[in-house]
Amino acid sequence: MNGRIEVRTEEREQLLDITRAVTDEVKKSGVRDGVLYLWSVHTTCGITVNEGADPDVARDIVAVLRRLVPRDGDYRHAEGNSDSHLKTLVTGPGQTLLIEAGALVLGTWQKVFLAEWDGPRSRSIAYRILPA
Amino acid sequence: MNGRIEVRTEEREQLLDITRAVTDEVKKSGVRDGVLYLWSVHTTCGITVNEGADPDVARDIVAVLRRLVPRDGDYRHAEGNSDSHLKTLVTGPGQTLLIEAGALVLGTWQKVFLAEWDGPRSRSIAYRILPA
Amino acid sequence: MNGRIEVRTEEREQLLDITRAVTDEVKKSGVRDGVLYLWSVHTTCGITVNEGADPDVARDIVAVLRRLVPRDGDYRHAEGNSDSHLKTLVTGPGQTLLIEAGALVLGTWQKVFLAEWDGPRSRSIAYRILPA
């Protein structure tokens, strides 16, 4: 089973919790045991998994990356978003998640995030679910 | 085949070589050709693959990340481990490894590491092996 | 289907576009829907996907990583390439790509890169294609 998850981000830089949308696709697939692949088809946002209980974690992650890779710098790329491309490399463009007993294998605090580095934008995440 | 690999880390920040434990699961599975998925169910440690021959490489990696993302900073997250969450994003929460002829596809110097960023702790790594 | 993609890099640090070589393997496999796994068997280069239309993006990514992790530093590893190992951890050693209708699922601007951090060298990328 494969498809697209469409989301809308709200900030230039933001970790957007997409766990529910991803979980819904797993349920729809009916797959009990297998693997879920997530892939951002963009070059200025990525997919990651991190703590979602305290929103300050996402805020701190964004703040550290802003400090390390400022928006303005000695960049040649004329579009003014070289920092977004670098942050996307750091985050990674996709993630592979495990499915057991019809549910994603996630720890107590883990949430799936679209890591937006050049928003706000409409974003499309391709996915495929393979049964074991 | 799926399961858990349980390990105990010894330092706050450390690359812990888990290659043998991972290799054992591949052997137990009997899978000759396929794919192995590793997934940390935590938000302050990740999985990576890097040089394991000279322990100074792991030491240098930890030292650079400590310099770039210090433990103390202008963080809001009250638990005092925002740096650990950021280092986990950089490392990534999981890895996908290839299996050929009953063995992991690893280069001469490659070892599989649990990257601990907020230890020492007991850590659980979920895995699944899919035959080709 | 599995195999190796062999490439030669030209700089010490470089994002080398390998999209055509990867696409060729997908075509040869005849797989219409599935997953492609790419794996670098080295510890000083990685695989990433980012913008390939404007070469200044790759140039800026390399420049930022050079600034954050200089070649010379307070490193213990005697081979003088600790920075390369750290950049490899940041990039990640492999990527998982999706295949739909016989083609890689890539956005308009996405290209697959070998991220060379200690070249120039001959590099070998292992791959496996699993049909859905």
# chains A, B, ... in the order shown; residues from 1 in each chain; ligands from 1
$ closest_atom_pairs --of "chain C" --to "chain A" --cutoff "12 Å" --atoms "only C-alpha atoms" --output "JSON lines"
{"residue": "C:Leu15", "atom": "CA", "partner": "A:Leu89", "partner_atom": "CA", "distance": 11.3}
{"residue": "C:Asp33", "atom": "CA", "partner": "A:Asn2", "partner_atom": "CA", "distance": 9.3}
{"residue": "C:Gly34", "atom": "CA", "partner": "A:Arg128", "partner_atom": "CA", "distance": 8.1}
{"residue": "C:Val35", "atom": "CA", "partner": "A:Arg128", "partner_atom": "CA", "distance": 8.4}
{"residue": "C:Leu36", "atom": "CA", "partner": "A:Tyr37", "partner_atom": "CA", "distance": 10.9}
{"residue": "C:Tyr37", "atom": "CA", "partner": "A:Thr96", "partner_atom": "CA", "distance": 11.1}
{"residue": "C:Gly46", "atom": "CA", "partner": "A:Leu89", "partner_atom": "CA", "distance": 10.9}
{"residue": "C:Ile47", "atom": "CA", "partner": "A:Leu89", "partner_atom": "CA", "distance": 9.8}
{"residue": "C:Thr48", "atom": "CA", "partner": "A:Leu89", "partner_atom": "CA", "distance": 6.8}
{"residue": "C:Val49", "atom": "CA", "partner": "A:Pro93", "partner_atom": "CA", "distance": 6.9}
{"residue": "C:Asn50", "atom": "CA", "partner": "A:Thr43", "partner_atom": "CA", "distance": 5.1}
{"residue": "C:Glu51", "atom": "CA", "partner": "A:Thr43", "partner_atom": "CA", "distance": 5.6}
{"residue": "C:Gly52", "atom": "CA", "partner": "A:Thr43", "partner_atom": "CA", "distance": 9.3}
{"residue": "C:Ala53", "atom": "CA", "partner": "A:His77", "partner_atom": "CA", "distance": 10.7}
{"residue": "C:Asp54", "atom": "CA", "partner": "A:His77", "partner_atom": "CA", "distance": 7.3}
{"residue": "C:Pro55", "atom": "CA", "partner": "A:His77", "partner_atom": "CA", "distance": 8.1}
{"residue": "C:Asp56", "atom": "CA", "partner": "A:His77", "partner_atom": "CA", "distance": 5.0}
{"residue": "C:Val57", "atom": "CA", "partner": "A:His77", "partner_atom": "CA", "distance": 5.6}
{"residue": "C:Ala58", "atom": "CA", "partner": "A:His85", "partner_atom": "CA", "distance": 8.8}
{"residue": "C:Arg59", "atom": "CA", "partner": "A:Arg76", "partner_atom": "CA", "distance": 7.9}
{"residue": "C:Asp60", "atom": "CA", "partner": "A:Tyr75", "partner_atom": "CA", "distance": 5.8}
{"residue": "C:Ile61", "atom": "CA", "partner": "A:Leu86", "partner_atom": "CA", "distance": 5.5}
{"residue": "C:Val62", "atom": "CA", "partner": "A:Leu86", "partner_atom": "CA", "distance": 8.9}
{"residue": "C:Ala63", "atom": "CA", "partner": "A:Tyr75", "partner_atom": "CA", "distance": 8.4}
{"residue": "C:Val64", "atom": "CA", "partner": "A:Val69", "partner_atom": "CA", "distance": 7.4}
{"residue": "C:Leu65", "atom": "CA", "partner": "A:Leu86", "partner_atom": "CA", "distance": 8.5}
{"residue": "C:Arg66", "atom": "CA", "partner": "A:Val69", "partner_atom": "CA", "distance": 11.9}
{"residue": "C:Arg67", "atom": "CA", "partner": "A:Leu68", "partner_atom": "CA", "distance": 9.8}
{"residue": "C:Leu68", "atom": "CA", "partner": "A:Leu68", "partner_atom": "CA", "distance": 7.6}
{"residue": "C:Val69", "atom": "CA", "partner": "A:Leu68", "partner_atom": "CA", "distance": 11.1}
{"residue": "C:Leu86", "atom": "CA", "partner": "A:Val90", "partner_atom": "CA", "distance": 11.7}
{"residue": "C:Lys87", "atom": "CA", "partner": "A:Val90", "partner_atom": "CA", "distance": 9.6}
{"residue": "C:Thr88", "atom": "CA", "partner": "A:Val90", "partner_atom": "CA", "distance": 10.5}
{"residue": "C:Leu89", "atom": "CA", "partner": "A:Val90", "partner_atom": "CA", "distance": 9.3}
{"residue": "C:Val90", "atom": "CA", "partner": "A:Val90", "partner_atom": "CA", "distance": 5.7}
{"residue": "C:Thr91", "atom": "CA", "partner": "A:Val90", "partner_atom": "CA", "distance": 6.3}
{"residue": "C:Gly92", "atom": "CA", "partner": "A:Gly92", "partner_atom": "CA", "distance": 8.0}
{"residue": "C:Pro93", "atom": "CA", "partner": "A:Gly92", "partner_atom": "CA", "distance": 11.1}
{"residue": "C:Gly94", "atom": "CA", "partner": "A:Gly92", "partner_atom": "CA", "distance": 10.3}
{"residue": "C:Gln95", "atom": "CA", "partner": "A:Gly94", "partner_atom": "CA", "distance": 8.0}
{"residue": "C:Thr96", "atom": "CA", "partner": "A:Gly94", "partner_atom": "CA", "distance": 7.5}
{"residue": "C:Leu97", "atom": "CA", "partner": "A:Trp39", "partner_atom": "CA", "distance": 7.5}
{"residue": "C:Leu98", "atom": "CA", "partner": "A:Arg128", "partner_atom": "CA", "distance": 7.4}
{"residue": "C:Ile99", "atom": "CA", "partner": "A:Arg128", "partner_atom": "CA", "distance": 9.2}
{"residue": "C:Glu100", "atom": "CA", "partner": "A:Asn2", "partner_atom": "CA", "distance": 8.7}
{"residue": "C:Ala101", "atom": "CA", "partner": "A:Asn2", "partner_atom": "CA", "distance": 11.5}
{"residue": "C:Leu104", "atom": "CA", "partner": "A:Val41", "partner_atom": "CA", "distance": 10.7}
{"residue": "C:Val105", "atom": "CA", "partner": "A:Val41", "partner_atom": "CA", "distance": 7.4}
{"residue": "C:Leu106", "atom": "CA", "partner": "A:Val41", "partner_atom": "CA", "distance": 5.6}
{"residue": "C:Gly107", "atom": "CA", "partner": "A:Val41", "partner_atom": "CA", "distance": 4.3}
{"residue": "C:Thr108", "atom": "CA", "partner": "A:Val41", "partner_atom": "CA", "distance": 7.9}
{"residue": "C:Trp109", "atom": "CA", "partner": "A:Thr43", "partner_atom": "CA", "distance": 6.9}
{"residue": "C:Gln110", "atom": "CA", "partner": "A:Thr43", "partner_atom": "CA", "distance": 6.3}
{"residue": "C:Lys111", "atom": "CA", "partner": "A:Thr43", "partner_atom": "CA", "distance": 9.2}
{"residue": "C:Val112", "atom": "CA", "partner": "A:Pro93", "partner_atom": "CA", "distance": 10.9}
{"residue": "C:Phe113", "atom": "CA", "partner": "A:Leu89", "partner_atom": "CA", "distance": 10.8}
{"residue": "C:Ala115", "atom": "CA", "partner": "A:Leu89", "partner_atom": "CA", "distance": 10.3}
{"residue": "C:Leu130", "atom": "CA", "partner": "A:Leu130", "partner_atom": "CA", "distance": 9.7}
{"residue": "C:Pro131", "atom": "CA", "partner": "A:Leu130", "partner_atom": "CA", "distance": 9.3}
{"residue": "C:Ala132", "atom": "CA", "partner": "A:Leu130", "partner_atom": "CA", "distance": 6.4}
$ select_by_dssp --residues "chain C" --states "helix (DSSP H, G or I)" --output "ChimeraX atom specification"
/C:19-29,55-68,82-91
$ select_by_dssp --residues "chain C" --states "strand (DSSP E or B)" --output "ChimeraX atom specification"
/C:2-8,14-17,34-40,45-51,94-100,103-104,110-116,122-131
$ residues_around --residues "Arg12 in chain A" --least-positions-apart "3" --cutoff "6 Å" --atoms "only C-alpha atoms" --output "compact mmCIF listing (two decimals) with N, CA and C atoms, in the first residue's frame"
# COMPACT_ATOMS: atom_id res chain seq x y z
N TRP A 117 11.77 23.55 7.34
CA TRP A 117 12.90 24.47 7.43
C TRP A 117 12.77 25.65 6.47
N ASP A 118 11.66 25.71 5.73
CA ASP A 118 11.47 26.86 4.82
C ASP A 118 9.99 27.09 4.56
N GLY A 119 9.21 27.12 5.62
CA GLY A 119 7.76 27.29 5.50
C GLY A 119 7.39 28.75 5.65
N PRO A 120 6.09 28.99 5.82
CA PRO A 120 5.02 27.98 5.77
C PRO A 120 4.72 27.55 4.34
$ atom_distance --atom1 "CA of Arg123 in chain C" --atom2 "CA of Val7 in chain C"
5.3 Å
$ residues_around --residues "Arg121 in chain C" --least-positions-apart "4" --cutoff "9 Å" --atoms "only C-alpha atoms" --output "PyMOL selection string"
chain C and resi 7-12+116
$ write_last_selection --atoms "C-alpha atoms" --output "PDB file, in the first residue's frame"
ATOM      1  CA  VAL C   7      31.837   5.865  -8.332  1.00  0.00           C
ATOM      2  CA  ARG C   8      34.930   8.032  -8.230  1.00  0.00           C
ATOM      3  CA  THR C   9      34.869  11.334  -6.335  1.00  0.00           C
ATOM      4  CA  GLU C  10      36.991  14.323  -7.305  1.00  0.00           C
ATOM      5  CA  GLU C  11      37.264  16.546  -4.227  1.00  0.00           C
ATOM      6  CA  ARG C  12      37.997  16.100  -0.534  1.00  0.00           C
ATOM      7  CA  GLU C 116      32.140  12.664   0.040  1.00  0.00           C
TER       8      GLU C 116
END
